[in-house]
Structure formats: structure tokens, C-alpha cells
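The structure appears below as C-alpha cells.
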Amino acid sequence: MNNRCRILLPALMAVLLSACANRSPTASDAAPAARAPQPLSWAQVQARPLPPPGERLQYGPAPQQFGELRLPDGAGPHPVVVLIHGGCWLSQFDLTYFSHLADALTRQGFATWSIEYRRIGDDNGGWPGTFVDIGLAIDHLRELAAVRPLNLAHVATLGHSAGGQLALWAATRDDAHALLPADHPLPIRAVIGLAPITDMERYRVGPDGSCHSAVDAVMGGTPDTAGERYSAVSPAARLPLHVPVLLVSGAKDPIVSPASVEAFAQAALLEGDQIHLRVVAGEGHFDPALPDTRSWDDVVGFLHATIGEPDGG
């Protein structure tokens with residue numbers, strides 16, 4: 001079985017998270033060939049037993065404005081990972097599947113704040129409510145830190161698919177943003193995008209069977225009618241991000257193509273960002289969102305390297 005790690009422009013990278021090694025089969029010629037890994041399906045993800053829920057806390061009055069907080073053992077203060085689930089920005093998909101990742105990261109020593117937010121199909125979902133909620137949920141960590149051992153100088157965002165778009169955009173919020181003003185937004189120290197949607201304008205045209213048909217709905221218009229909105233929240237339009245970024249993509253992802261993630265990584269590197277790219281052979285769209293897949297060590301290693309060691313390190 002081969003593990004393939006593509007790293008773009010290594011001379012520009014400050015940290016090499018893991019070695020990339022190709023392993024040849026050691027079985028004899030008489031033995032059957034190793035079966036190629038198959039991407040996880042959404043049904044397989046849903047069938048997994050769920051870990052215990054986190055502490056559910058509201059950050060706003062709407063039913064969807066809540067998060068699940070999990071704290072690791074130890075006195076802290078703990079570095080924090082804000083988890084933003086995917087699902088095409090649609091209300092049919094919620095944070096439940098992301099509990100696997102949140103629980104696993106908490107057991108690694110990170111506080112996790114897995115957030116829900118208003119989506120297409122919810123009252124005031126889409127533009128601007130979806131994006132407002134992401135900001136409100138992140139900034140609510142200030143209130144939580146008054147009563148919980150959270151280290152707000154060491155906060156990372158981590159998002160999957162549509163949540164990856166939100167996680168990347170969240171790192172660029174600023175006080176002067178004309179369309180989505182933020183009142184002293186909480187600084188983000190690092191970002192992880194798992195199969196992230198990185199270019200809203202390009203993604204809206206395909207591929208078929210992806211989230212592309214939801215782009216106009218979440219943006220409330222097309223690039224022709226709402227171009228300023230696309231410029232405001234599309235990660236590709238917000239470069240440079242000015243924070244270290246880890247991008248993970250399954251080589252067999254039919255929903256967010258590896259080529260689109262690689263193109264974003266190239267553009268970000270040219271803008272001077274620290275970008276670490278992991279393209280995993282044999283994996284699909286949902287594999288990176290689970291903790292027992294082949295990019296898990298990259299995720300944990302990146303977090304230790306960027307937001308610090310657990311227990312206040």
C-alpha cells in the first residue's frame with residue numbers, strides 16, 4: 001500500500017510535518033496483489049458509533065447558534081481548536097459527524113469548540129447569517145475563557161469541505177471589513193482545511209454531484225450580482241492568509257478535487273503563506289474528517305507545531 005505525500009515548493013516551507021515514503025509490496029509474486037484502499041462513503045461515516053457529546057453551550061439566541069465544548073485532562077490553559085463541519089452549507093447536515101474528530105483531538109490534549117451555525121434552509125441562513133455565526137462563535141471563546149481554562153493566544157480553526165472554506169476565511173476577518181464587520185475578532189494562529197472549498201467563484205460551476213449548486217444560495221447571488229461577497233469570503237480572494245495552513249485532500253475526492261486544493265496551495269505559497277499540503281492516495285472526501293485515517297498524524301503534528309503543546313505549553 002502506498003502513502004503519497006505531495007508537498008508544493010518545499011523551499012518555501014518552514015516546517016516539514018512528515019516524511020513522504022513509498023513502500024513497495026513485500027509479498028511474493030505468488031501472493032495476491034494488495035487491495036487498493038477504498039474511500040469512505042457518507043453512509044460508513046454515519047454508521048460509526050458516536051463518542052460522548054461535549055458540553056452544549058449557546059453563543060446566540062437562534063437554535064443553531066451553539067457549540068460543543070470539550071476539555072482535555074489537566075489544569076490548562078489549553079490550546080483551542082475550533083471545528084467547523086461541512087455539508088454544503090445546508091441545514092440537512094450538522095456537526096454530529098465531526099464529533100469523532102473533536103473527541104479525538106480532545107484526547108490529544110486540545111480543547112475543542114465544535115460549532116453549529118445557521119445554514120441554507122434555516123431562518124437567516126446563507127448570506128450573511130452563516131458567516132456572521134462563524135465569527136460570533138469564534139469570538140464567544142472570550143466569554144468561555146472567563147470560566148474555562150482556554151488559552152486564547154493559541155487558537156486554530158479546522159474545517160471540512162464547506163466548513164474548510166469557513167475555517168480559511170475566518171482567519172482573515174478584520175475590524176475594517178466592509179460587508180462583514182468584526183469588532184476586534186479573536187486572532188487565529190493556524191488553519192486546517194480538510195477537503196476544503198477554496199475558490200467560491202470557480203467551485204460554483206462544478207463538479208457535478210458536489211456542493212457547487214449551493215454556492216449561489218449561500219452567497220445570495222452570483223459573482224455578477226454579488227461579486228463583493230465572493231471577494232469577501234472566498235479564501236482564494238483573501239490571500240495571503242498570514243497564518244500557517246495545513247491542507248489535506250483525498251486523491252479520490254469527487255466532491256472537492258485535489259487539483260483545486262493544490263491550485264490554492266500554489267497561489268498561497270506565491271503570496272508568501274506557509275502552506276503544507278497532504279494529498280492522500282486512495283482516500284476520498286470523508287476520510288480526512290475522521291481521526292483514524294492516514295492524515296491524522298499530520299493534523300495532530302501540525303497543531304502541536306503551531307498552537308503549542310497541551311496543558312498550556
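Chain lettering (A, B, ...) mirrors the order of the C-alpha cells, residue numbering begins at 1 for each chain separately, and ligand numbering begins at 1 in order of display.
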Self-check item: DSSP-assigned helix (DSSP H, G or I) members of range 73-172 of chain A, reported as a PyMOL selection string
Solution: chain A and resi 95-107+129-139+141-145+162-170
Exercise. Fewer than 5 positions away in the same chain doesn't count, so skip those; otherwise give me all residues within 10 Å of range 85-93 of chain A, counting only C-alpha atoms, as an MDAnalysis selection string.
Key: chainID A and resid 64 98:99 114:122 125:126 130 158:167 194:197 210:215 217:218 289
Exercise. Could you tell me how far CA of Ala305 in chain A lies from CA of Gln108 in chain A, in Å and to one decimal?
Key: 13.4 Å
Exercise. May I have the residues within 10 Å of Asp73 in chain A as a ChimeraX atom specification, using only C-alpha atoms and disregarding those fewer than 2 positions away in the same chain?
Key: /A:70-71,75-76,78,106-111,310-311
Self-check item: Contact residues around Gly135 in chain A with only C-alpha atoms at 9 Å, ignoring same-chain residues under 5 positions, as a PyMOL selection string
Solution: chain A and resi 140+170+173+182+185-186
Practice problem: Step one, run DSSP on the backbone; step two, keep only residues of range 121-300 of chain A assigned to strand (DSSP E or B); then write them as a ChimeraX atom specification. | Solution: /A:122,150-160,190-194,245-250,275-280
Self-check item: Long-range neighbours of Val299 in chain A as a ChimeraX atom specification, 12 Å cut-off, only C-alpha atoms, 2 positions minimum in chain
Solution: /A:17-18,81,101,104-105,108,156-159,190-194,245-248,276-278,288-297,301-307
For the selection you just gave me, I'd like the residues written to a file as a compact mmCIF listing (two decimals), in the first residue's frame, keeping N, CA and C atoms.
```
# COMPACT_ATOMS: atom_id res chain seq x y z
N LEU A 17 6.16 18.43 8.03
CA LEU A 17 5.44 17.72 9.09
C LEU A 17 5.76 16.24 9.13
N SER A 18 5.93 15.62 7.98
CA SER A 18 6.20 14.19 7.98
C SER A 18 6.93 13.82 6.72
N VAL A 81 -8.97 24.29 19.47
CA VAL A 81 -9.26 24.04 18.07
C VAL A 81 -10.75 24.28 17.84
N LEU A 101 -13.84 13.61 15.36
CA LEU A 101 -12.61 14.39 15.31
C LEU A 101 -12.45 15.23 16.57
N ALA A 104 -11.39 12.99 19.48
CA ALA A 104 -10.02 12.52 19.34
C ALA A 104 -9.01 13.64 19.62
N LEU A 105 -9.28 14.84 19.15
CA LEU A 105 -8.38 15.96 19.41
C LEU A 105 -8.36 16.32 20.89
N GLN A 108 -6.12 14.21 22.65
CA GLN A 108 -4.74 14.57 22.36
C GLN A 108 -4.28 15.77 23.20
N ALA A 156 -6.72 27.65 16.80
CA ALA A 156 -6.71 27.25 15.40
C ALA A 156 -8.13 26.97 14.95
N THR A 157 -8.40 27.17 13.67
CA THR A 157 -9.66 26.74 13.09
C THR A 157 -9.39 25.51 12.21
N LEU A 158 -10.36 24.60 12.22
CA LEU A 158 -10.27 23.37 11.43
C LEU A 158 -11.63 23.12 10.80
N GLY A 159 -11.67 23.04 9.48
CA GLY A 159 -12.95 22.85 8.80
C GLY A 159 -12.87 21.81 7.71
N ALA A 190 -3.57 29.41 13.39
CA ALA A 190 -3.31 28.40 12.37
C ALA A 190 -4.64 27.90 11.83
N VAL A 191 -4.61 27.31 10.63
CA VAL A 191 -5.83 26.81 9.98
C VAL A 191 -5.55 25.45 9.38
N ILE A 192 -6.55 24.55 9.52
CA ILE A 192 -6.51 23.27 8.83
C ILE A 192 -7.75 23.17 7.95
N GLY A 193 -7.52 22.89 6.68
CA GLY A 193 -8.61 22.68 5.74
C GLY A 193 -8.61 21.23 5.28
N LEU A 194 -9.66 20.50 5.60
CA LEU A 194 -9.81 19.10 5.20
C LEU A 194 -10.74 19.05 4.00
N VAL A 245 -0.95 27.11 7.33
CA VAL A 245 -2.13 26.38 6.87
C VAL A 245 -1.72 24.96 6.51
N LEU A 246 -2.52 23.99 6.97
CA LEU A 246 -2.41 22.61 6.53
C LEU A 246 -3.62 22.28 5.69
N LEU A 247 -3.40 21.77 4.48
CA LEU A 247 -4.47 21.35 3.58
C LEU A 247 -4.36 19.85 3.37
N VAL A 248 -5.48 19.13 3.56
CA VAL A 248 -5.49 17.69 3.37
C VAL A 248 -6.56 17.36 2.34
N HIS A 276 1.15 23.79 3.94
CA HIS A 276 1.54 22.39 3.99
C HIS A 276 0.41 21.59 3.35
N LEU A 277 0.74 20.84 2.32
CA LEU A 277 -0.28 20.12 1.56
C LEU A 277 -0.05 18.62 1.67
N ARG A 278 -1.12 17.91 1.99
CA ARG A 278 -1.07 16.44 2.06
C ARG A 278 -2.17 15.89 1.16
N PRO A 288 -10.61 12.37 5.39
CA PRO A 288 -9.84 13.30 6.21
C PRO A 288 -10.60 13.81 7.44
N ALA A 289 -11.92 13.66 7.46
CA ALA A 289 -12.72 14.19 8.57
C ALA A 289 -12.80 13.23 9.75
N LEU A 290 -12.08 12.11 9.67
CA LEU A 290 -12.08 11.12 10.74
C LEU A 290 -10.67 10.97 11.30
N PRO A 291 -10.56 10.59 12.58
CA PRO A 291 -9.24 10.59 13.23
C PRO A 291 -8.39 9.36 13.00
N ASP A 292 -8.92 8.31 12.40
CA ASP A 292 -8.13 7.08 12.26
C ASP A 292 -7.69 6.85 10.82
N THR A 293 -7.64 7.90 10.03
CA THR A 293 -7.20 7.78 8.65
C THR A 293 -5.75 8.25 8.54
N ARG A 294 -5.18 8.18 7.33
CA ARG A 294 -3.73 8.31 7.20
C ARG A 294 -3.21 9.73 7.34
N SER A 295 -4.07 10.72 7.36
CA SER A 295 -3.61 12.09 7.57
C SER A 295 -3.70 12.53 9.02
N TRP A 296 -4.16 11.65 9.90
CA TRP A 296 -4.38 12.02 11.30
C TRP A 296 -3.09 12.51 11.95
N ASP A 297 -1.98 11.82 11.75
CA ASP A 297 -0.73 12.24 12.36
C ASP A 297 -0.30 13.61 11.86
N GLY A 301 0.26 16.63 14.43
CA GLY A 301 1.59 17.23 14.41
C GLY A 301 1.57 18.71 14.06
N PHE A 302 0.73 19.06 13.10
CA PHE A 302 0.61 20.47 12.71
C PHE A 302 0.08 21.31 13.88
N LEU A 303 -0.91 20.81 14.59
CA LEU A 303 -1.46 21.56 15.71
C LEU A 303 -0.44 21.73 16.82
N HIS A 304 0.32 20.69 17.13
CA HIS A 304 1.36 20.82 18.14
C HIS A 304 2.40 21.85 17.71
N ALA A 305 2.71 21.88 16.43
CA ALA A 305 3.74 22.78 15.94
C ALA A 305 3.29 24.24 15.89
N THR A 306 1.99 24.47 15.76
CA THR A 306 1.52 25.84 15.53
C THR A 306 0.79 26.48 16.71
N ILE A 307 0.01 25.71 17.45
CA ILE A 307 -0.69 26.34 18.59
C ILE A 307 -0.18 25.82 19.91
```
Env of Gly272 in chain A: 9 Å cut, atoms = only C-alpha atoms, seq-sep filter 5 positions within chain, self excluded. Answer as a tab-separated table (two decimals) with C-alpha atoms, in the first residue's frame.
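Written out: around39.tsv:
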```
chain	number	residue	atom	x	y	z
A	12	LEU	CA	9.24	27.90	0.83
A	240	PRO	CA	-2.36	35.97	1.84
A	241	LEU	CA	-3.87	34.46	4.98
A	242	HIS	CA	-0.84	35.34	7.14
A	267	ALA	CA	-1.36	30.55	-5.05
```
With a cut-off of 8 Å, could you pull out the residues of range 93-143 of chain A touching range 45-56 of chain A and give me the nearest pair of atoms for each, distance in Å to one decimal, using only C-alpha atoms, ordered by chain and ascending number, as a Markdown table?
```
| residue | atom | partner | partner_atom | distance |
| --- | --- | --- | --- | --- |
| A:Tyr97 | CA | A:Gln46 | CA | 6.8 |
| A:Ser99 | CA | A:Pro51 | CA | 6.8 |
| A:His100 | CA | A:Pro51 | CA | 6.4 |
| A:Asp103 | CA | A:Pro51 | CA | 6.7 |
```
Exercise. Choose the residue, out of A:Glu271, A:Glu201, A:Asp123, A:Asp298, that has the smallest atom-to-atom separation from Val243 in chain A; count only C-alpha atoms.
Key: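 Closest to Val243 in chain A of all the choices is A:Glu271.
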Quiz item: Looking at only C-alpha atoms, which of A:Val132, A:Ala232, A:Ala153, A:Val300 is the one that sits closest to Pro187 in chain A?
Solution: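 Smallest separation from Pro187 in chain A among the options: A:Ala153.
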Practice problem: Choose the residue, out of A:Gly284, A:Gly250, A:Pro72, A:Gly227, that has the smallest atom-to-atom separation from Trp113 in chain A; count only C-alpha atoms. | Solution: A:Pro72
